[in-house]
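Data block below; observations after.
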2 protein chains.
Amino acid sequence: MARPRQFDEQDAVIRATDLFWRRGYNATSVRDLGAELQLTPSSLYRTFTDKHTLFLRALDHYRATDSAQAEQRLDAAGRPVRRVLRDWMLWLVSCASDGESGRGCFVVNTATELGTTDAQVRQRTEAAFEVTRQALRSLLREGRNNGELPTDLDIDAAVELLFTTVLGLRVRERAGHDPERLATAIDAAIQALGSTR
Amino acid sequence: MARPRQFDEQDAVIRATDLFWRRGYNATSVRDLGAELQLTPSSLYRTFTDKHTLFLRALDHYRATDSAQAEQRLDAAGRPVRRVLRDWMLWLVSCASDGESGRGCFVVNTATELGTTDAQVRQRTEAAFEVTRQALRSLLREGRNNGELPTDLDIDAAVELLFTTVLGLRVRERAGHDPERLATAIDAAIQALGSTR
DNA sequence: CTCATTCGGGAACGATCGCTCCCATACCTC
DNA sequence: GAGGTATGGGAGCGATCGTTCCCGAATGAG
């Protein structure tokens with residue numbers, strides 16, 4: 001029934017995610033979004049309700065694509081655990097640098113910009129964080145079980161350290177820090193897991 | 001000559017720092033600042049030129065007080081290096097929680113919000129980061145020299161790991177994460193330094 | 001005291017903010 | 001084809017943005 005859309009809603013969400021990711025929530029205006037998504041204010045509001053709702057959509061899309069890809073790359077699937085972890089972290093601080101640099105992580109940027117002020121946003125960032133922690137936990141458990149990591153490794157402590165390190169790496173990538181130094185930090189974090197094997 | 005100020009400029013900078021710290025640059029309006037600093041727009045602009053310049057003043061003030069205090073707490077002065085490091089990191093994630101929580105680190109918040117877009121801001125955040133790294137380096141060197149840390153400790157790598165961890169801790173404090181988990185991450189980071197002594 | 005100078009207070013500038021409304025247009029259903 | 005419906009385009013809403021200007025008040029210098 002009625003006239004169909006002339007734009008792809010999913011594509012619009014992708015462009016919105018990119019813009020929010022680079023500039024943050026407050027620095028991105030509805031008119032910026034309109035120009036980037038190539039749709040008028042009326043279409044934008046009819047489709048996405050308002051700026052805040054579109055931002056939540058962008059966060060959800062980021063989690064369903066970028067975050068999901070990160071989680072997938074953490075799946076060992078028989079490969080050496082240390083290698084998987086190292087490649088994963090190196091990818092985290094370099095993937096955003098393809099083409100243009102300093103985007104960091106959309107979730108981390110959002111968490112620091114909005115803090116705990118927005119309940120809906122916080123729920124999503126926390127969920128994204130928890131997924132990462134769980135993926136790290138699974139990987140470390142697998143490494144400990146198959147002997148690649150020390151049998152007395154404190155998984156909970158290692159997860160907290162690695163997860164915290166990852167957040168720091170994301171901040172540093174956003175801040176434009178030297179990739180070699182980030183690589184040094186990554187190797188040090190992995191070495192902290194212990195020396196078995 | 002002429003009429004003197006009725007307000008304390010330094011006190012105004014302190015209040016401005018507090019506001020920028022909590023809300024970030026873009027989310028803080030000049031009128032918000034005026035209400036907090038209890039001065040009219042004309043006084044604000046006559047004294048601080050404009051919003052951006054006042055923000056730089058706030059960043060400088062933060063570095064001269066909070067950052068300087070952090071650096072000071074990293075000075076071992078004969079105390080055990082691990083203990084100094086642990087107390088320092090615990091203080092980092094708890095000091096901002098006195099009274100009101102989730103402020104994180106003003107420098108980290110700024111670096112993630114503005115990224116590398118603002119040259120004047122970036123210069124200041126990078127300078128603050130470098131000070132922290134140097135303080136960590138000095139502490140680790142002292143620990144290695146007096147036998148508290150392994151003699152074969154890779155100082156550069158350890159600095160990168162600790163510094164990255166600290167940034168992650170700041171993000172997590174801002175995000176309202178459980179202090180106990182942050183403490184777990186801190187202990188894991190220190191344990192990663194090695195087991196001598 | 002006089003005067004130049006800077007102050008505090010506040011109105012108001014143009015621009016932009018997030019958002020709404022209207023209408024001709026284009027499509028699906030019947 | 002006719003009718004109902006959601007679309008795209010765009011003017012424009014009130015509010016707020018960062019900033020400027022003006023003016024009476026208060027002060028130090030001569």
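FYI, nothing fancy with the structure tokens labels: chains A, B, ... in order, residues from 1 per chain, ligands from 1 as they appear.
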
Q: Just need the residues of chain C within 8 Å of chain B, counting only C-alpha atoms (C1' of nucleotides), so spit them out as a list in words.
A: DA4, DT5, DT6, DC7, DG8 and DG9 of chain C

Keeping only C-alpha atoms (C1' of nucleotides), write the selected residues to a file as a CSV table (one decimal), in the first residue's frame.
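Everything below was put into out-v9.csv:
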```
chain,number,residue,atom,x,y,z
C,4,DA,C1',39.9,57.4,31.6
C,5,DT,C1',39.2,52.6,31.9
C,6,DT,C1',37.4,48.3,32.9
C,7,DC,C1',33.7,46.1,35.1
C,8,DG,C1',28.8,43.6,35.6
C,9,DG,C1',24.4,43.1,33.5
```

Output the coordinates of chain B after least-squares fitting to chain A on all in-order C-alpha pairs, as an mmCIF file with C-alpha atoms, in the first residue's frame.
```
data_model
loop_
_atom_site.group_PDB
_atom_site.id
_atom_site.type_symbol
_atom_site.label_atom_id
_atom_site.label_comp_id
_atom_site.auth_asym_id
_atom_site.auth_seq_id
_atom_site.Cartn_x
_atom_site.Cartn_y
_atom_site.Cartn_z
ATOM 1 C CA MET B 1 -0.093 0.246 -0.040
ATOM 2 C CA ALA B 2 1.069 3.749 -0.793
ATOM 3 C CA ARG B 3 4.318 5.080 -2.161
ATOM 4 C CA PRO B 4 7.487 3.069 -1.458
ATOM 5 C CA ARG B 5 10.755 4.464 -0.104
ATOM 6 C CA GLN B 6 13.306 5.758 -2.567
ATOM 7 C CA PHE B 7 16.184 5.046 -0.205
ATOM 8 C CA ASP B 8 17.500 1.932 1.509
ATOM 9 C CA GLU B 9 16.820 2.178 5.212
ATOM 10 C CA GLN B 10 19.662 -0.173 6.091
ATOM 11 C CA ASP B 11 22.074 1.825 3.983
ATOM 12 C CA ALA B 12 20.957 4.985 5.772
ATOM 13 C CA VAL B 13 21.678 3.374 9.128
ATOM 14 C CA ILE B 14 25.141 2.415 7.887
ATOM 15 C CA ARG B 15 25.921 5.992 6.890
ATOM 16 C CA ALA B 16 24.502 7.316 10.152
ATOM 17 C CA THR B 17 26.668 4.883 12.101
ATOM 18 C CA ASP B 18 29.732 6.072 10.243
ATOM 19 C CA LEU B 19 28.957 9.716 11.003
ATOM 20 C CA PHE B 20 28.094 9.201 14.679
ATOM 21 C CA TRP B 21 31.191 7.027 15.008
ATOM 22 C CA ARG B 22 33.522 9.702 13.697
ATOM 23 C CA ARG B 23 31.993 12.781 15.317
ATOM 24 C CA GLY B 24 30.126 11.521 18.361
ATOM 25 C CA TYR B 25 26.525 12.164 19.331
ATOM 26 C CA ASN B 26 26.509 15.835 20.278
ATOM 27 C CA ALA B 27 28.749 17.006 17.458
ATOM 28 C CA THR B 28 26.564 15.403 14.800
ATOM 29 C CA SER B 29 23.579 17.505 13.777
ATOM 30 C CA VAL B 30 20.418 16.302 12.148
ATOM 31 C CA ARG B 31 21.312 18.336 9.071
ATOM 32 C CA ASP B 32 24.729 16.671 8.914
ATOM 33 C CA LEU B 33 22.915 13.367 8.946
ATOM 34 C CA GLY B 34 20.492 14.530 6.296
ATOM 35 C CA ALA B 35 23.333 15.519 3.986
ATOM 36 C CA GLU B 36 25.208 12.244 4.555
ATOM 37 C CA LEU B 37 22.181 9.990 4.258
ATOM 38 C CA GLN B 38 20.816 12.052 1.359
ATOM 39 C CA LEU B 39 17.372 12.407 2.789
ATOM 40 C CA THR B 40 15.324 15.344 3.961
ATOM 41 C CA PRO B 41 14.461 16.045 7.602
ATOM 42 C CA SER B 42 10.903 14.874 7.063
ATOM 43 C CA SER B 43 12.004 11.506 5.712
ATOM 44 C CA LEU B 44 14.557 11.153 8.463
ATOM 45 C CA TYR B 45 12.024 11.796 11.204
ATOM 46 C CA ARG B 46 9.291 9.709 9.608
ATOM 47 C CA THR B 47 11.653 6.772 9.344
ATOM 48 C CA PHE B 48 13.738 7.068 12.510
ATOM 49 C CA THR B 49 11.479 9.021 14.904
ATOM 50 C CA ASP B 50 14.213 11.362 16.096
ATOM 51 C CA LYS B 51 17.959 11.849 16.427
ATOM 52 C CA HIS B 52 18.261 9.877 19.633
ATOM 53 C CA THR B 53 16.400 6.876 18.260
ATOM 54 C CA LEU B 54 18.542 6.933 15.130
ATOM 55 C CA PHE B 55 21.607 6.957 17.355
ATOM 56 C CA LEU B 56 20.355 3.849 19.137
ATOM 57 C CA ARG B 57 19.799 2.235 15.750
ATOM 58 C CA ALA B 58 23.373 3.119 14.818
ATOM 59 C CA LEU B 59 24.672 1.585 18.027
ATOM 60 C CA ASP B 60 22.676 -1.580 17.392
ATOM 61 C CA HIS B 61 23.940 -1.755 13.830
ATOM 62 C CA TYR B 62 27.525 -1.354 15.000
ATOM 63 C CA ARG B 63 27.081 -4.169 17.466
ATOM 64 C CA ALA B 64 25.522 -6.389 14.832
ATOM 65 C CA THR B 65 28.327 -5.833 12.328
ATOM 66 C CA ASP B 66 31.649 -4.523 13.650
ATOM 67 C CA SER B 67 31.319 -5.908 17.163
ATOM 68 C CA ALA B 68 30.041 -9.205 15.817
ATOM 69 C CA GLN B 69 32.982 -9.430 13.435
ATOM 70 C CA ALA B 70 35.375 -8.782 16.308
ATOM 71 C CA GLU B 71 33.742 -11.512 18.321
ATOM 72 C CA GLN B 72 34.008 -13.873 15.385
ATOM 73 C CA ARG B 73 37.725 -13.198 15.026
ATOM 74 C CA LEU B 74 38.159 -14.210 18.632
ATOM 75 C CA ASP B 75 36.908 -17.702 17.895
ATOM 76 C CA ALA B 76 39.991 -19.888 17.990
ATOM 77 C CA ALA B 77 38.666 -22.762 15.878
ATOM 78 C CA GLY B 78 41.749 -24.847 16.491
ATOM 79 C CA ARG B 79 44.313 -22.094 15.917
ATOM 80 C CA PRO B 80 46.842 -21.250 18.631
ATOM 81 C CA VAL B 81 45.188 -19.158 21.325
ATOM 82 C CA ARG B 82 48.005 -16.657 21.684
ATOM 83 C CA ARG B 83 48.153 -16.157 17.960
ATOM 84 C CA VAL B 84 44.397 -15.610 17.792
ATOM 85 C CA LEU B 85 44.555 -13.107 20.605
ATOM 86 C CA ARG B 86 47.466 -11.223 19.118
ATOM 87 C CA ASP B 87 46.004 -11.060 15.629
ATOM 88 C CA TRP B 88 42.695 -9.972 17.073
ATOM 89 C CA MET B 89 44.145 -7.106 19.074
ATOM 90 C CA LEU B 90 46.335 -5.967 16.189
ATOM 91 C CA TRP B 91 43.273 -6.005 13.983
ATOM 92 C CA LEU B 92 41.333 -3.946 16.524
ATOM 93 C CA VAL B 93 43.815 -1.101 16.368
ATOM 94 C CA SER B 94 44.340 -1.216 12.623
ATOM 95 C CA CYS B 95 40.961 -2.009 11.069
ATOM 96 C CA ALA B 96 39.618 1.476 11.676
ATOM 97 C CA SER B 97 42.750 2.918 10.127
ATOM 98 C CA ASP B 98 41.911 1.596 6.701
ATOM 99 C CA GLY B 99 41.506 4.718 4.651
ATOM 100 C CA GLU B 100 40.901 7.121 7.465
ATOM 101 C CA SER B 101 42.386 6.911 10.907
ATOM 102 C CA GLY B 102 41.490 7.691 14.443
ATOM 103 C CA ARG B 103 37.914 6.470 14.630
ATOM 104 C CA GLY B 104 38.514 4.264 17.628
ATOM 105 C CA CYS B 105 35.618 2.108 18.755
ATOM 106 C CA PHE B 106 32.095 3.476 18.427
ATOM 107 C CA VAL B 107 31.049 1.837 21.681
ATOM 108 C CA VAL B 108 34.044 3.148 23.615
ATOM 109 C CA ASN B 109 33.640 6.633 22.167
ATOM 110 C CA THR B 110 29.974 6.608 23.107
ATOM 111 C CA ALA B 111 30.587 5.291 26.604
ATOM 112 C CA THR B 112 33.087 8.046 27.354
ATOM 113 C CA GLU B 113 31.074 10.827 25.725
ATOM 114 C CA LEU B 114 27.747 10.034 27.377
ATOM 115 C CA GLY B 115 29.001 8.232 30.483
ATOM 116 C CA THR B 116 26.142 6.840 32.510
ATOM 117 C CA THR B 117 23.700 9.656 31.750
ATOM 118 C CA ASP B 118 21.670 7.872 29.086
ATOM 119 C CA ALA B 119 20.108 4.630 30.286
ATOM 120 C CA GLN B 120 19.246 3.298 26.820
ATOM 121 C CA VAL B 121 22.729 3.989 25.525
ATOM 122 C CA ARG B 122 24.385 2.570 28.601
ATOM 123 C CA GLN B 123 22.424 -0.664 28.331
ATOM 124 C CA ARG B 124 23.753 -1.135 24.805
ATOM 125 C CA THR B 125 27.361 -0.266 25.551
ATOM 126 C CA GLU B 126 27.348 -2.563 28.575
ATOM 127 C CA ALA B 127 25.895 -5.384 26.507
ATOM 128 C CA ALA B 128 28.621 -4.900 23.907
ATOM 129 C CA PHE B 129 31.292 -4.903 26.609
ATOM 130 C CA GLU B 130 29.905 -8.065 28.150
ATOM 131 C CA VAL B 131 29.978 -9.865 24.813
ATOM 132 C CA THR B 132 33.662 -9.076 24.446
ATOM 133 C CA ARG B 133 34.417 -10.238 27.951
ATOM 134 C CA GLN B 134 32.601 -13.499 27.378
ATOM 135 C CA ALA B 135 34.450 -14.099 24.123
ATOM 136 C CA LEU B 136 37.752 -13.472 25.886
ATOM 137 C CA ARG B 137 36.745 -15.806 28.695
ATOM 138 C CA SER B 138 35.892 -18.605 26.267
ATOM 139 C CA LEU B 139 39.172 -18.219 24.445
ATOM 140 C CA LEU B 140 41.218 -18.251 27.633
ATOM 141 C CA ARG B 141 39.361 -21.269 28.960
ATOM 142 C CA GLU B 142 40.076 -23.122 25.748
ATOM 143 C CA GLY B 143 43.744 -22.177 25.972
ATOM 144 C CA ARG B 144 43.997 -23.346 29.540
ATOM 145 C CA ASN B 145 42.216 -26.614 28.812
ATOM 146 C CA ASN B 146 44.357 -27.595 25.855
ATOM 147 C CA GLY B 147 47.597 -26.681 27.585
ATOM 148 C CA GLU B 148 48.483 -23.580 25.613
ATOM 149 C CA LEU B 149 48.086 -21.449 28.707
ATOM 150 C CA PRO B 150 49.199 -22.168 32.287
ATOM 151 C CA THR B 151 46.855 -24.479 34.143
ATOM 152 C CA ASP B 152 46.874 -22.152 37.133
ATOM 153 C CA LEU B 153 45.930 -19.122 35.053
ATOM 154 C CA ASP B 154 43.373 -16.948 36.822
ATOM 155 C CA ILE B 155 40.849 -16.612 34.014
ATOM 156 C CA ASP B 156 38.758 -13.891 35.619
ATOM 157 C CA ALA B 157 41.800 -11.745 36.322
ATOM 158 C CA ALA B 158 43.214 -12.292 32.844
ATOM 159 C CA VAL B 159 39.880 -11.361 31.254
ATOM 160 C CA GLU B 160 39.734 -8.139 33.243
ATOM 161 C CA LEU B 161 43.275 -7.237 32.257
ATOM 162 C CA LEU B 162 42.835 -8.038 28.578
ATOM 163 C CA PHE B 163 39.469 -6.308 28.367
ATOM 164 C CA THR B 164 40.808 -3.199 30.088
ATOM 165 C CA THR B 165 43.819 -3.225 27.780
ATOM 166 C CA VAL B 166 41.565 -3.417 24.755
ATOM 167 C CA LEU B 167 39.617 -0.352 25.860
ATOM 168 C CA GLY B 168 42.903 1.466 26.334
ATOM 169 C CA LEU B 169 44.052 0.418 22.880
ATOM 170 C CA ARG B 170 40.845 1.745 21.372
ATOM 171 C CA VAL B 171 41.366 5.090 23.057
ATOM 172 C CA ARG B 172 44.942 5.237 21.875
ATOM 173 C CA GLU B 173 44.001 4.380 18.311
ATOM 174 C CA ARG B 174 41.440 7.185 18.392
ATOM 175 C CA ALA B 175 44.099 9.517 19.794
ATOM 176 C CA GLY B 176 46.369 8.694 16.866
ATOM 177 C CA HIS B 177 49.099 6.932 18.810
ATOM 178 C CA ASP B 178 51.970 5.161 17.096
ATOM 179 C CA PRO B 179 50.834 1.688 15.920
ATOM 180 C CA GLU B 180 54.214 0.232 16.846
ATOM 181 C CA ARG B 181 53.762 1.227 20.445
ATOM 182 C CA LEU B 182 50.292 -0.244 20.456
ATOM 183 C CA ALA B 183 51.791 -3.458 19.116
ATOM 184 C CA THR B 184 54.318 -3.390 21.945
ATOM 185 C CA ALA B 185 51.490 -3.065 24.459
ATOM 186 C CA ILE B 186 49.659 -5.943 22.812
ATOM 187 C CA ASP B 187 52.663 -8.254 22.989
ATOM 188 C CA ALA B 188 53.211 -7.319 26.625
ATOM 189 C CA ALA B 189 49.577 -8.105 27.418
ATOM 190 C CA ILE B 190 49.844 -11.528 25.829
ATOM 191 C CA GLN B 191 53.113 -12.274 27.532
ATOM 192 C CA ALA B 192 51.362 -11.485 30.808
ATOM 193 C CA LEU B 193 49.234 -14.582 30.316
ATOM 194 C CA GLY B 194 52.169 -16.785 31.318
ATOM 195 C CA SER B 195 54.835 -18.901 29.722
ATOM 196 C CA THR B 196 53.454 -22.440 29.300
ATOM 197 C CA ARG B 197 54.195 -23.839 25.815
#
```

Q: Could you list the residues in chain D lying within 9 Å of chain A, using only C-alpha atoms (C1' of nucleotides), and format the result as a ChimeraX atom specification?
A: /D:4-10

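Taking C1' of DG14 (chain C) and C1' of DG24 (chain D) as the two end points, the separation is 26.7 Å.
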
(Q) Could you go through chain A and tell me which residues DSSP, when run on the backbone, assigns to alpha helix (DSSP H), listing them as a PyMOL selection string? (A) chain A and resi 9-23+30-37+41-48+51-62+68-73+81-92+106-114+119-145+155-174+179-191

Using C-alpha atoms, can you export the residues from the last selection as a compact mmCIF listing (two decimals), in the first residue's frame?
```
# COMPACT_ATOMS: atom_id res chain seq x y z
CA GLU A 9 16.82 2.21 5.22
CA GLN A 10 19.67 -0.13 6.09
CA ASP A 11 22.08 1.88 3.97
CA ALA A 12 20.95 5.02 5.77
CA VAL A 13 21.68 3.40 9.13
CA ILE A 14 25.14 2.45 7.88
CA ARG A 15 25.92 6.03 6.88
CA ALA A 16 24.51 7.33 10.16
CA THR A 17 26.68 4.90 12.09
CA ASP A 18 29.74 6.10 10.23
CA LEU A 19 28.96 9.74 11.00
CA PHE A 20 28.11 9.21 14.68
CA TRP A 21 31.20 7.04 15.00
CA ARG A 22 33.54 9.72 13.69
CA ARG A 23 32.01 12.81 15.32
CA VAL A 30 20.38 16.31 12.16
CA ARG A 31 21.29 18.35 9.10
CA ASP A 32 24.70 16.68 8.93
CA LEU A 33 22.89 13.37 8.95
CA GLY A 34 20.45 14.54 6.31
CA ALA A 35 23.29 15.55 4.01
CA GLU A 36 25.18 12.30 4.58
CA LEU A 37 22.14 10.02 4.26
CA PRO A 41 14.40 16.05 7.63
CA SER A 42 10.83 14.87 7.10
CA SER A 43 11.96 11.50 5.75
CA LEU A 44 14.52 11.16 8.48
CA TYR A 45 12.01 11.78 11.23
CA ARG A 46 9.28 9.69 9.66
CA THR A 47 11.65 6.76 9.36
CA PHE A 48 13.74 7.05 12.52
CA LYS A 51 17.96 11.83 16.44
CA HIS A 52 18.27 9.86 19.65
CA THR A 53 16.42 6.85 18.26
CA LEU A 54 18.56 6.91 15.13
CA PHE A 55 21.62 6.95 17.35
CA LEU A 56 20.39 3.84 19.14
CA ARG A 57 19.82 2.23 15.74
CA ALA A 58 23.39 3.13 14.80
CA LEU A 59 24.69 1.59 18.02
CA ASP A 60 22.70 -1.58 17.37
CA HIS A 61 23.97 -1.75 13.82
CA TYR A 62 27.54 -1.34 14.99
CA ALA A 68 30.05 -9.18 15.79
CA GLN A 69 33.00 -9.40 13.42
CA ALA A 70 35.39 -8.76 16.29
CA GLU A 71 33.74 -11.50 18.31
CA GLN A 72 34.01 -13.85 15.36
CA ARG A 73 37.72 -13.16 14.99
CA VAL A 81 45.17 -19.16 21.33
CA ARG A 82 47.99 -16.67 21.70
CA ARG A 83 48.14 -16.18 17.97
CA VAL A 84 44.39 -15.61 17.80
CA LEU A 85 44.55 -13.10 20.61
CA ARG A 86 47.47 -11.22 19.12
CA ASP A 87 45.99 -11.06 15.62
CA TRP A 88 42.69 -9.97 17.07
CA MET A 89 44.14 -7.10 19.07
CA LEU A 90 46.33 -5.97 16.20
CA TRP A 91 43.28 -6.00 13.98
CA LEU A 92 41.34 -3.94 16.53
CA PHE A 106 32.10 3.48 18.40
CA VAL A 107 31.06 1.83 21.67
CA VAL A 108 34.05 3.15 23.60
CA ASN A 109 33.66 6.63 22.16
CA THR A 110 29.99 6.61 23.09
CA ALA A 111 30.61 5.29 26.60
CA THR A 112 33.12 8.04 27.34
CA GLU A 113 31.10 10.82 25.72
CA LEU A 114 27.77 10.03 27.38
CA ALA A 119 20.14 4.63 30.27
CA GLN A 120 19.28 3.29 26.82
CA VAL A 121 22.75 4.00 25.52
CA ARG A 122 24.39 2.58 28.60
CA GLN A 123 22.43 -0.65 28.32
CA ARG A 124 23.78 -1.13 24.79
CA THR A 125 27.38 -0.26 25.55
CA GLU A 126 27.36 -2.55 28.57
CA ALA A 127 25.91 -5.37 26.49
CA ALA A 128 28.63 -4.89 23.89
CA PHE A 129 31.29 -4.89 26.59
CA GLU A 130 29.90 -8.05 28.14
CA VAL A 131 29.98 -9.87 24.79
CA THR A 132 33.65 -9.06 24.43
CA ARG A 133 34.40 -10.23 27.94
CA GLN A 134 32.59 -13.49 27.37
CA ALA A 135 34.45 -14.11 24.12
CA LEU A 136 37.75 -13.47 25.88
CA ARG A 137 36.73 -15.81 28.68
CA SER A 138 35.88 -18.61 26.27
CA LEU A 139 39.15 -18.22 24.45
CA LEU A 140 41.22 -18.25 27.63
CA ARG A 141 39.35 -21.28 28.95
CA GLU A 142 40.06 -23.12 25.75
CA GLY A 143 43.73 -22.18 25.97
CA ARG A 144 43.97 -23.35 29.54
CA ASN A 145 42.18 -26.60 28.82
CA ILE A 155 40.83 -16.63 34.01
CA ASP A 156 38.74 -13.90 35.63
CA ALA A 157 41.78 -11.77 36.32
CA ALA A 158 43.18 -12.31 32.84
CA VAL A 159 39.86 -11.38 31.25
CA GLU A 160 39.72 -8.16 33.24
CA LEU A 161 43.26 -7.24 32.26
CA LEU A 162 42.82 -8.04 28.59
CA PHE A 163 39.47 -6.32 28.37
CA THR A 164 40.81 -3.21 30.08
CA THR A 165 43.81 -3.23 27.78
CA VAL A 166 41.56 -3.42 24.75
CA LEU A 167 39.62 -0.36 25.86
CA GLY A 168 42.91 1.47 26.33
CA LEU A 169 44.06 0.41 22.88
CA ARG A 170 40.85 1.74 21.36
CA VAL A 171 41.38 5.09 23.05
CA ARG A 172 44.96 5.24 21.87
CA GLU A 173 44.03 4.40 18.30
CA ARG A 174 41.46 7.20 18.39
CA PRO A 179 50.86 1.67 15.93
CA GLU A 180 54.23 0.20 16.85
CA ARG A 181 53.78 1.22 20.45
CA LEU A 182 50.31 -0.25 20.46
CA ALA A 183 51.80 -3.48 19.13
CA THR A 184 54.31 -3.40 21.95
CA ALA A 185 51.49 -3.08 24.47
CA ILE A 186 49.66 -5.96 22.81
CA ASP A 187 52.66 -8.27 22.99
CA ALA A 188 53.20 -7.34 26.62
CA ALA A 189 49.57 -8.12 27.43
CA ILE A 190 49.83 -11.55 25.82
CA GLN A 191 53.10 -12.29 27.54
```

Q) Could you pull the residues within 10 Å of DC21 (chain C), counting only C-alpha atoms (C1' of nucleotides), minus those fewer than 6 positions along the same chain, as JSON, numbers by chain? A) {"A": [42], "D": [11, 12, 13]}

Q: Using C1' of DG28 (chain D) and C1' of DC3 (chain C) as the two end points, give the distance in Å to one decimal.
A: 10.6 Å
